[in-house]
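Asker: Please find one structure pasted underneath; my questions will follow.
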Amino acid sequence: MKRDNFKNACIANIIVFLLEFFSISWMMSGISSGILSVAGLRALKFFTVDSNIYLGIASLIAAVAYYRAIKEKQEDIPSFIYLLKLSATSAVSVTMLVTIFFLEPTMGRLYGYLILFAYSNLFLHLINPLAAIFTWIAYERNNALSLKSVFLAMIPTVLYVIYYVVEVITHTRNGIIMPGYDWYGFFALGLKSTIIILPLFLLFTFLVCFVLYRLGINR
């Protein structure tokens, strides 16, 4: 990464962190209402919230690293921070894309279109992911990561998918999923959807991570 970008990268990561702090606080305060919005720690069941918290932490760590690099005249920041940012940016990108192309069409019919972009969810589902993608592409291009990084970047998202599937399976009675446990509606067709959802989501997550990895290469 070029040292000229350190200052811009630092500022951009601080802005992303502040956006995350604001929007997560708004969501958890209970002031925000709407679909997929709950107050307090119960919000942690949503990947939207988890991925945005992850991005906020990653952005703060990156901002500190860039600041130290500027102060100490370092040539670059540690490669694991690029990996952390790739992973977190990929996670919120998955959140945004799933919301736009799956949740909005399916839930919009029932609760009203654009309801998933209301209140704090406007930031969590759209503004924060776009800010993260812009920061990654505009200021964090690097040659420190390899293709292996794509698979490592997938881990947090894959872990959530496993958690979600386990929640659904363990709250199924006589083949019927108990109300409130398939909150994204991925299993609308029942547990048999697992054989489609798991491979599809793994492939989708890989593609998101891979595209961001390629866009982040310093040419």
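Ligands are numbered from 1 in the order shown, chains are lettered A, B, ... in the order of the structure tokens, and residues start at 1 in each chain.
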Can you build me a table of stretch 30-132 of chain A residues sitting at most 9 Å from stretch 202-210 of chain A, with the closest atom pair per residue and its distance in Å to one decimal, using only C-alpha atoms, sorted by chain and residue number, as JSON lines?
Answerer:
```
{"residue": "A:Leu86", "atom": "CA", "partner": "A:Cys209", "partner_atom": "CA", "distance": 7.2}
{"residue": "A:Ser87", "atom": "CA", "partner": "A:Cys209", "partner_atom": "CA", "distance": 7.3}
{"residue": "A:Thr89", "atom": "CA", "partner": "A:Cys209", "partner_atom": "CA", "distance": 8.5}
{"residue": "A:Ser90", "atom": "CA", "partner": "A:Cys209", "partner_atom": "CA", "distance": 5.4}
{"residue": "A:Ala91", "atom": "CA", "partner": "A:Thr205", "partner_atom": "CA", "distance": 8.2}
{"residue": "A:Ser93", "atom": "CA", "partner": "A:Val208", "partner_atom": "CA", "distance": 7.3}
{"residue": "A:Val94", "atom": "CA", "partner": "A:Thr205", "partner_atom": "CA", "distance": 6.8}
```
Asker: Limited to N, CA and C atoms, could you put the picked residues into a file as a PDB file, in the first residue's frame?
Answerer:
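part_27.pdb written:
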```
ATOM      1  N   LEU A  86     -10.576  -7.021   5.057  1.00  0.00           N
ATOM      2  CA  LEU A  86     -11.200  -7.765   3.968  1.00  0.00           C
ATOM      3  C   LEU A  86     -12.348  -8.610   4.502  1.00  0.00           C
ATOM      4  N   SER A  87     -12.115  -9.285   5.609  1.00  0.00           N
ATOM      5  CA  SER A  87     -13.129 -10.147   6.205  1.00  0.00           C
ATOM      6  C   SER A  87     -14.348  -9.351   6.662  1.00  0.00           C
ATOM      7  N   THR A  89     -15.256  -6.262   5.757  1.00  0.00           N
ATOM      8  CA  THR A  89     -15.914  -5.626   4.610  1.00  0.00           C
ATOM      9  C   THR A  89     -16.740  -6.640   3.833  1.00  0.00           C
ATOM     10  N   SER A  90     -16.230  -7.847   3.710  1.00  0.00           N
ATOM     11  CA  SER A  90     -16.975  -8.918   3.040  1.00  0.00           C
ATOM     12  C   SER A  90     -18.246  -9.258   3.816  1.00  0.00           C
ATOM     13  N   ALA A  91     -18.143  -9.298   5.131  1.00  0.00           N
ATOM     14  CA  ALA A  91     -19.298  -9.654   5.963  1.00  0.00           C
ATOM     15  C   ALA A  91     -20.436  -8.648   5.793  1.00  0.00           C
ATOM     16  N   SER A  93     -20.805  -6.647   3.304  1.00  0.00           N
ATOM     17  CA  SER A  93     -21.227  -6.704   1.896  1.00  0.00           C
ATOM     18  C   SER A  93     -22.236  -7.825   1.694  1.00  0.00           C
ATOM     19  N   VAL A  94     -21.993  -8.962   2.340  1.00  0.00           N
ATOM     20  CA  VAL A  94     -22.962 -10.066   2.304  1.00  0.00           C
ATOM     21  C   VAL A  94     -24.287  -9.601   2.892  1.00  0.00           C
TER      22      VAL A  94
END
```
Asker: Do you know which residues are at most 9 Å from stretch 178-191 of chain A counting only C-alpha atoms, after dropping those on the same chain fewer than 6 positions away, and could you put them as a list in words?
Answerer: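 In the requested form, the answer reads Leu36, Phe46, Leu103, Thr106, Met107, Tyr164, Val165, Glu167, Val168, Ile169, His171, Thr172 and Ile197 of chain A.
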Asker: Those residues with all heavy atoms, as a JSON list (two decimals), in the first residue's frame please?
Answerer:
```
[["chain", "number", "residue", "atom", "x", "y", "z"],
["A", 36, "LEU", "N", -36.74, -6.79, 11.65],
["A", 36, "LEU", "CA", -35.37, -7.18, 12.00],
["A", 36, "LEU", "C", -34.69, -6.13, 12.88],
["A", 36, "LEU", "O", -33.49, -5.87, 12.75],
["A", 36, "LEU", "CB", -34.54, -7.42, 10.72],
["A", 36, "LEU", "CG", -35.08, -8.50, 9.76],
["A", 36, "LEU", "CD1", -34.15, -8.66, 8.57],
["A", 36, "LEU", "CD2", -35.27, -9.83, 10.48],
["A", 46, "PHE", "N", -28.88, -11.27, 14.97],
["A", 46, "PHE", "CA", -28.91, -10.88, 13.57],
["A", 46, "PHE", "C", -27.50, -10.73, 13.01],
["A", 46, "PHE", "O", -26.65, -10.07, 13.61],
["A", 46, "PHE", "CB", -29.65, -9.56, 13.39],
["A", 46, "PHE", "CG", -31.10, -9.60, 13.78],
["A", 46, "PHE", "CD1", -31.63, -8.67, 14.65],
["A", 46, "PHE", "CD2", -31.95, -10.58, 13.26],
["A", 46, "PHE", "CE1", -32.96, -8.70, 15.01],
["A", 46, "PHE", "CE2", -33.28, -10.62, 13.61],
["A", 46, "PHE", "CZ", -33.80, -9.68, 14.49],
["A", 103, "LEU", "N", -33.96, -10.48, 1.05],
["A", 103, "LEU", "CA", -34.87, -10.06, 2.12],
["A", 103, "LEU", "C", -35.85, -8.98, 1.67],
["A", 103, "LEU", "O", -37.03, -9.02, 2.03],
["A", 103, "LEU", "CB", -34.07, -9.57, 3.33],
["A", 103, "LEU", "CG", -33.16, -10.61, 3.99],
["A", 103, "LEU", "CD1", -32.42, -9.99, 5.16],
["A", 103, "LEU", "CD2", -33.97, -11.82, 4.45],
["A", 106, "THR", "N", -38.61, -10.59, -0.53],
["A", 106, "THR", "CA", -39.49, -11.53, 0.19],
["A", 106, "THR", "C", -40.25, -10.85, 1.33],
["A", 106, "THR", "O", -41.45, -11.09, 1.49],
["A", 106, "THR", "CB", -38.67, -12.71, 0.76],
["A", 106, "THR", "OG1", -37.61, -12.21, 1.60],
["A", 106, "THR", "CG2", -38.07, -13.54, -0.37],
["A", 107, "MET", "N", -39.59, -10.03, 2.10],
["A", 107, "MET", "CA", -40.26, -9.36, 3.23],
["A", 107, "MET", "C", -41.00, -8.10, 2.79],
["A", 107, "MET", "O", -41.96, -7.69, 3.44],
["A", 107, "MET", "CB", -39.24, -9.02, 4.32],
["A", 107, "MET", "CG", -38.65, -10.22, 5.01],
["A", 107, "MET", "SD", -37.58, -9.78, 6.41],
["A", 107, "MET", "CE", -37.21, -11.41, 7.05],
["A", 164, "TYR", "N", -26.84, -20.27, 12.48],
["A", 164, "TYR", "CA", -28.23, -20.09, 12.04],
["A", 164, "TYR", "C", -28.89, -21.43, 11.74],
["A", 164, "TYR", "O", -30.02, -21.70, 12.17],
["A", 164, "TYR", "CB", -28.26, -19.20, 10.80],
["A", 164, "TYR", "CG", -29.64, -18.75, 10.38],
["A", 164, "TYR", "CD1", -30.19, -17.58, 10.88],
["A", 164, "TYR", "CD2", -30.40, -19.51, 9.47],
["A", 164, "TYR", "CE1", -31.46, -17.17, 10.49],
["A", 164, "TYR", "CE2", -31.66, -19.11, 9.09],
["A", 164, "TYR", "CZ", -32.19, -17.93, 9.60],
["A", 164, "TYR", "OH", -33.45, -17.53, 9.22],
["A", 165, "VAL", "N", -28.18, -22.28, 11.02],
["A", 165, "VAL", "CA", -28.72, -23.60, 10.67],
["A", 165, "VAL", "C", -28.96, -24.43, 11.92],
["A", 165, "VAL", "O", -30.00, -25.09, 12.05],
["A", 165, "VAL", "CB", -27.77, -24.34, 9.71],
["A", 165, "VAL", "CG1", -28.21, -25.78, 9.51],
["A", 165, "VAL", "CG2", -27.70, -23.63, 8.35],
["A", 167, "GLU", "N", -29.58, -23.30, 14.94],
["A", 167, "GLU", "CA", -30.73, -22.71, 15.63],
["A", 167, "GLU", "C", -32.03, -23.23, 15.02],
["A", 167, "GLU", "O", -32.98, -23.56, 15.75],
["A", 167, "GLU", "CB", -30.69, -21.19, 15.51],
["A", 167, "GLU", "CG", -29.85, -20.50, 16.55],
["A", 167, "GLU", "CD", -30.48, -20.56, 17.93],
["A", 167, "GLU", "OE1", -31.44, -19.81, 18.18],
["A", 167, "GLU", "OE2", -30.01, -21.37, 18.75],
["A", 168, "VAL", "N", -32.08, -23.27, 13.71],
["A", 168, "VAL", "CA", -33.29, -23.73, 13.03],
["A", 168, "VAL", "C", -33.54, -25.21, 13.31],
["A", 168, "VAL", "O", -34.65, -25.62, 13.68],
["A", 168, "VAL", "CB", -33.19, -23.48, 11.51],
["A", 168, "VAL", "CG1", -34.32, -24.20, 10.77],
["A", 168, "VAL", "CG2", -33.22, -21.99, 11.20],
["A", 169, "ILE", "N", -32.50, -26.03, 13.15],
["A", 169, "ILE", "CA", -32.65, -27.48, 13.32],
["A", 169, "ILE", "C", -33.05, -27.85, 14.75],
["A", 169, "ILE", "O", -33.89, -28.72, 14.96],
["A", 169, "ILE", "CB", -31.35, -28.20, 12.93],
["A", 169, "ILE", "CG1", -31.12, -28.09, 11.42],
["A", 169, "ILE", "CG2", -31.39, -29.67, 13.34],
["A", 169, "ILE", "CD1", -29.80, -28.66, 10.94],
["A", 171, "HIS", "N", -34.69, -26.12, 16.79],
["A", 171, "HIS", "CA", -36.00, -25.57, 17.16],
["A", 171, "HIS", "C", -37.05, -25.99, 16.13],
["A", 171, "HIS", "O", -37.88, -25.19, 15.68],
["A", 171, "HIS", "CB", -35.94, -24.05, 17.29],
["A", 171, "HIS", "CG", -35.13, -23.59, 18.46],
["A", 171, "HIS", "ND1", -33.78, -23.35, 18.38],
["A", 171, "HIS", "CD2", -35.47, -23.37, 19.75],
["A", 171, "HIS", "CE1", -33.32, -22.98, 19.57],
["A", 171, "HIS", "NE2", -34.32, -22.99, 20.42],
["A", 172, "THR", "N", -36.96, -27.25, 15.77],
["A", 172, "THR", "CA", -37.91, -27.83, 14.83],
["A", 172, "THR", "C", -38.67, -28.95, 15.52],
["A", 172, "THR", "O", -38.07, -29.80, 16.20],
["A", 172, "THR", "CB", -37.19, -28.39, 13.59],
["A", 172, "THR", "OG1", -36.49, -27.33, 12.94],
["A", 172, "THR", "CG2", -38.17, -29.00, 12.61],
["A", 197, "ILE", "N", -29.31, -24.27, 0.67],
["A", 197, "ILE", "CA", -28.87, -23.02, 1.30],
["A", 197, "ILE", "C", -27.39, -23.05, 1.66],
["A", 197, "ILE", "O", -26.65, -22.09, 1.37],
["A", 197, "ILE", "CB", -29.72, -22.74, 2.55],
["A", 197, "ILE", "CG1", -31.13, -22.35, 2.14],
["A", 197, "ILE", "CG2", -29.10, -21.62, 3.39],
["A", 197, "ILE", "CD1", -32.10, -22.22, 3.27]]
```
Asker: Taking only C-alpha atoms into account, name the residue in A:Ile70, A:Ser51, A:Asn142, A:Leu84 that is nearest to A:Leu159.
Answerer: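 Smallest distance to A:Leu159 is found for A:Ser51.
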Asker: Suppose you want the space between atom CA of A:Asn121 and atom CA of A:Ala43; what is it in Å?
Answerer: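 Computing the Euclidean distance for atom CA of A:Asn121 and atom CA of A:Ala43 yields 11.9 Å.
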Asker: Identify which of the residues A:Ile15, A:Ile57, A:Val158, A:Leu215 lies closest to A:Ala138, counting only C-alpha atoms when measuring atom-to-atom distances.
Answerer: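 Smallest distance to A:Ala138 is found for A:Leu215.
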Asker: Apply DSSP to the backbone of this structure and, from stretch 179-218 of chain A, keep only the residues in helix (DSSP H, G or I); write these as a compact mmCIF listing (two decimals) with all heavy atoms, in the first residue's frame.
Answerer:
```
# COMPACT_ATOMS: atom_id res chain seq x y z
N LEU A 191 -36.86 -27.81 6.28
CA LEU A 191 -35.47 -28.20 6.52
C LEU A 191 -34.77 -28.74 5.28
O LEU A 191 -33.54 -28.70 5.20
CB LEU A 191 -35.41 -29.26 7.63
CG LEU A 191 -35.67 -28.76 9.06
CD1 LEU A 191 -35.57 -29.91 10.04
CD2 LEU A 191 -34.69 -27.66 9.43
N LYS A 192 -35.52 -29.21 4.31
CA LYS A 192 -34.90 -29.72 3.09
C LYS A 192 -34.14 -28.62 2.36
O LYS A 192 -33.30 -28.90 1.51
CB LYS A 192 -35.96 -30.33 2.17
CG LYS A 192 -37.05 -29.36 1.74
CD LYS A 192 -38.12 -30.07 0.92
CE LYS A 192 -39.23 -29.10 0.51
NZ LYS A 192 -40.30 -29.78 -0.25
N SER A 193 -34.44 -27.37 2.70
CA SER A 193 -33.75 -26.24 2.08
C SER A 193 -32.27 -26.23 2.44
O SER A 193 -31.48 -25.58 1.74
CB SER A 193 -34.39 -24.93 2.53
OG SER A 193 -35.76 -24.89 2.22
N THR A 194 -31.89 -26.93 3.50
CA THR A 194 -30.50 -26.94 3.96
C THR A 194 -29.54 -27.37 2.87
O THR A 194 -28.46 -26.80 2.71
CB THR A 194 -30.34 -27.87 5.18
OG1 THR A 194 -31.27 -27.49 6.20
CG2 THR A 194 -28.93 -27.77 5.75
N ILE A 195 -29.92 -28.38 2.11
CA ILE A 195 -29.02 -28.92 1.09
C ILE A 195 -28.79 -27.91 -0.04
O ILE A 195 -27.83 -28.05 -0.82
CB ILE A 195 -29.54 -30.25 0.51
CG1 ILE A 195 -30.91 -30.06 -0.14
CG2 ILE A 195 -29.60 -31.31 1.58
CD1 ILE A 195 -31.44 -31.28 -0.85
N ILE A 196 -29.66 -26.92 -0.13
CA ILE A 196 -29.49 -25.86 -1.13
C ILE A 196 -28.85 -24.63 -0.52
O ILE A 196 -27.92 -24.05 -1.09
CB ILE A 196 -30.85 -25.47 -1.75
CG1 ILE A 196 -31.49 -26.68 -2.45
CG2 ILE A 196 -30.69 -24.30 -2.72
CD1 ILE A 196 -32.88 -26.41 -2.96
N ILE A 197 -29.31 -24.27 0.67
CA ILE A 197 -28.87 -23.02 1.30
C ILE A 197 -27.39 -23.05 1.66
O ILE A 197 -26.65 -22.09 1.37
CB ILE A 197 -29.72 -22.74 2.55
CG1 ILE A 197 -31.13 -22.35 2.14
CG2 ILE A 197 -29.10 -21.62 3.39
CD1 ILE A 197 -32.10 -22.22 3.27
N LEU A 198 -26.94 -24.14 2.28
CA LEU A 198 -25.55 -24.18 2.73
C LEU A 198 -24.54 -24.05 1.57
O LEU A 198 -23.69 -23.15 1.60
CB LEU A 198 -25.29 -25.47 3.52
CG LEU A 198 -25.59 -25.38 5.02
CD1 LEU A 198 -25.33 -26.73 5.69
CD2 LEU A 198 -24.77 -24.31 5.70
N PRO A 199 -24.61 -24.88 0.54
CA PRO A 199 -23.67 -24.73 -0.57
C PRO A 199 -23.79 -23.38 -1.27
O PRO A 199 -22.79 -22.76 -1.65
CB PRO A 199 -24.04 -25.87 -1.53
CG PRO A 199 -24.80 -26.84 -0.70
CD PRO A 199 -25.51 -26.02 0.33
N LEU A 200 -25.03 -22.92 -1.44
CA LEU A 200 -25.26 -21.65 -2.13
C LEU A 200 -24.67 -20.48 -1.35
O LEU A 200 -24.02 -19.60 -1.92
CB LEU A 200 -26.77 -21.44 -2.33
CG LEU A 200 -27.18 -20.26 -3.21
CD1 LEU A 200 -26.65 -20.44 -4.63
CD2 LEU A 200 -28.70 -20.12 -3.23
N PHE A 201 -24.85 -20.51 -0.04
CA PHE A 201 -24.34 -19.42 0.77
C PHE A 201 -22.82 -19.45 0.85
O PHE A 201 -22.17 -18.40 0.87
CB PHE A 201 -24.94 -19.46 2.18
CG PHE A 201 -25.21 -18.10 2.74
CD1 PHE A 201 -26.46 -17.52 2.63
CD2 PHE A 201 -24.21 -17.37 3.36
CE1 PHE A 201 -26.71 -16.25 3.12
CE2 PHE A 201 -24.44 -16.10 3.86
CZ PHE A 201 -25.71 -15.54 3.74
N LEU A 202 -22.26 -20.62 0.91
CA LEU A 202 -20.79 -20.74 0.91
C LEU A 202 -20.21 -20.19 -0.38
O LEU A 202 -19.22 -19.45 -0.37
CB LEU A 202 -20.39 -22.20 1.10
CG LEU A 202 -20.60 -22.79 2.50
CD1 LEU A 202 -20.27 -24.28 2.51
CD2 LEU A 202 -19.74 -22.06 3.53
N LEU A 203 -20.83 -20.55 -1.51
CA LEU A 203 -20.37 -20.06 -2.80
C LEU A 203 -20.54 -18.54 -2.89
O LEU A 203 -19.63 -17.83 -3.35
CB LEU A 203 -21.15 -20.74 -3.93
CG LEU A 203 -20.85 -20.25 -5.35
CD1 LEU A 203 -19.38 -20.49 -5.70
CD2 LEU A 203 -21.76 -20.95 -6.36
N PHE A 204 -21.67 -18.05 -2.45
CA PHE A 204 -21.94 -16.61 -2.48
C PHE A 204 -20.93 -15.85 -1.63
O PHE A 204 -20.38 -14.83 -2.07
CB PHE A 204 -23.36 -16.36 -1.97
CG PHE A 204 -23.71 -14.91 -1.85
CD1 PHE A 204 -23.78 -14.10 -2.97
CD2 PHE A 204 -23.98 -14.35 -0.61
CE1 PHE A 204 -24.11 -12.75 -2.86
CE2 PHE A 204 -24.31 -13.01 -0.49
CZ PHE A 204 -24.37 -12.21 -1.62
N THR A 205 -20.66 -16.35 -0.43
CA THR A 205 -19.69 -15.70 0.45
C THR A 205 -18.30 -15.70 -0.16
O THR A 205 -17.58 -14.70 -0.11
CB THR A 205 -19.66 -16.41 1.82
OG1 THR A 205 -20.96 -16.38 2.40
CG2 THR A 205 -18.67 -15.73 2.77
N PHE A 206 -17.93 -16.83 -0.77
CA PHE A 206 -16.63 -16.91 -1.44
C PHE A 206 -16.52 -15.87 -2.54
O PHE A 206 -15.50 -15.18 -2.67
CB PHE A 206 -16.41 -18.30 -2.02
CG PHE A 206 -15.20 -18.39 -2.92
CD1 PHE A 206 -13.93 -18.50 -2.38
CD2 PHE A 206 -15.33 -18.32 -4.30
CE1 PHE A 206 -12.80 -18.54 -3.20
CE2 PHE A 206 -14.23 -18.38 -5.13
CZ PHE A 206 -12.95 -18.49 -4.57
N LEU A 207 -17.56 -15.75 -3.35
CA LEU A 207 -17.53 -14.80 -4.46
C LEU A 207 -17.40 -13.36 -3.98
O LEU A 207 -16.66 -12.56 -4.55
CB LEU A 207 -18.79 -14.96 -5.32
CG LEU A 207 -18.88 -16.25 -6.14
CD1 LEU A 207 -20.23 -16.35 -6.84
CD2 LEU A 207 -17.74 -16.33 -7.14
N VAL A 208 -18.11 -13.02 -2.91
CA VAL A 208 -18.02 -11.67 -2.36
C VAL A 208 -16.60 -11.40 -1.87
O VAL A 208 -16.01 -10.35 -2.17
CB VAL A 208 -19.03 -11.47 -1.21
CG1 VAL A 208 -18.78 -10.15 -0.48
CG2 VAL A 208 -20.46 -11.51 -1.74
N CYS A 209 -16.04 -12.34 -1.11
CA CYS A 209 -14.68 -12.19 -0.59
C CYS A 209 -13.67 -12.11 -1.73
O CYS A 209 -12.73 -11.29 -1.70
CB CYS A 209 -14.31 -13.35 0.33
SG CYS A 209 -15.21 -13.38 1.89
N PHE A 210 -13.86 -12.94 -2.75
CA PHE A 210 -12.92 -12.97 -3.87
C PHE A 210 -12.95 -11.67 -4.66
O PHE A 210 -11.90 -11.12 -5.02
CB PHE A 210 -13.24 -14.14 -4.79
CG PHE A 210 -12.33 -14.24 -5.99
CD1 PHE A 210 -11.03 -14.70 -5.85
CD2 PHE A 210 -12.76 -13.84 -7.25
CE1 PHE A 210 -10.17 -14.77 -6.94
CE2 PHE A 210 -11.92 -13.91 -8.34
CZ PHE A 210 -10.62 -14.37 -8.19
N VAL A 211 -14.13 -11.16 -4.93
CA VAL A 211 -14.26 -9.91 -5.69
C VAL A 211 -13.61 -8.76 -4.92
O VAL A 211 -12.86 -7.95 -5.50
CB VAL A 211 -15.74 -9.60 -5.99
CG1 VAL A 211 -15.88 -8.17 -6.54
CG2 VAL A 211 -16.30 -10.60 -7.00
N LEU A 212 -13.86 -8.68 -3.62
CA LEU A 212 -13.26 -7.61 -2.83
C LEU A 212 -11.74 -7.77 -2.74
O LEU A 212 -11.00 -6.78 -2.75
CB LEU A 212 -13.87 -7.58 -1.42
CG LEU A 212 -15.31 -7.04 -1.36
CD1 LEU A 212 -15.88 -7.25 0.04
CD2 LEU A 212 -15.34 -5.56 -1.72
N TYR A 213 -11.29 -9.01 -2.66
CA TYR A 213 -9.85 -9.28 -2.65
C TYR A 213 -9.22 -8.77 -3.95
O TYR A 213 -8.19 -8.09 -3.92
CB TYR A 213 -9.63 -10.79 -2.49
CG TYR A 213 -8.26 -11.27 -2.97
CD1 TYR A 213 -7.10 -10.96 -2.26
CD2 TYR A 213 -8.16 -12.03 -4.14
CE1 TYR A 213 -5.86 -11.41 -2.71
CE2 TYR A 213 -6.93 -12.48 -4.59
CZ TYR A 213 -5.78 -12.16 -3.87
OH TYR A 213 -4.55 -12.59 -4.33
N ARG A 214 -9.84 -9.08 -5.07
CA ARG A 214 -9.30 -8.64 -6.35
C ARG A 214 -9.36 -7.12 -6.49
O ARG A 214 -8.42 -6.51 -7.00
CB ARG A 214 -10.10 -9.29 -7.50
CG ARG A 214 -9.93 -10.79 -7.62
CD ARG A 214 -8.52 -11.17 -8.05
NE ARG A 214 -8.17 -10.60 -9.35
CZ ARG A 214 -6.97 -10.66 -9.90
NH1 ARG A 214 -5.98 -11.23 -9.24
NH2 ARG A 214 -6.75 -10.13 -11.08
N LEU A 215 -10.43 -6.52 -6.03
CA LEU A 215 -10.55 -5.07 -6.10
C LEU A 215 -9.55 -4.37 -5.18
O LEU A 215 -9.21 -3.20 -5.40
CB LEU A 215 -11.97 -4.63 -5.74
CG LEU A 215 -13.07 -4.99 -6.75
CD1 LEU A 215 -14.44 -4.64 -6.19
CD2 LEU A 215 -12.83 -4.29 -8.08
```
Asker: Which one is closest to A:Leu145: A:Tyr54, A:Phe102, A:Tyr82, A:Phe17? Count only C-alpha atoms.
Answerer: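 Among the listed residues, A:Tyr82 lies closest to A:Leu145.
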Asker: I want to know what sits within 8 Å of A:Gly56, based on only C-alpha atoms, with residues of the same chain fewer than 3 positions away left out; could you give that as a PyMOL selection string?
Answerer: chain A and resi 16-18+20-21+52-53+59-60
Asker: What are the DSSP strand (DSSP E) residues of stretch 2-207 of chain A, as a VMD selection string?
Answerer: chain A and resid 172 to 173 176 to 177
Asker: With distances taken over only C-alpha atoms, which residue among A:Val38, A:Lys71, A:Asp50, A:Val98 lies nearest A:Pro156?
Answerer: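 Counting only C-alpha atoms, the residue closest to A:Pro156 is A:Asp50.
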Asker: Point out the residue among A:Asn143, A:Thr157, A:Thr170, A:Ser29 with the least atom-to-atom distance to A:Arg219, counting only C-alpha atoms.
Answerer: A:Asn143
Asker: Quick one: everything within 12 Å of A:Gln74, counting only C-alpha atoms, minus sequence neighbours fewer than 5 positions away in the same chain. Send it as number ranges by chain.
Answerer: A: 1-4, 6, 65-69
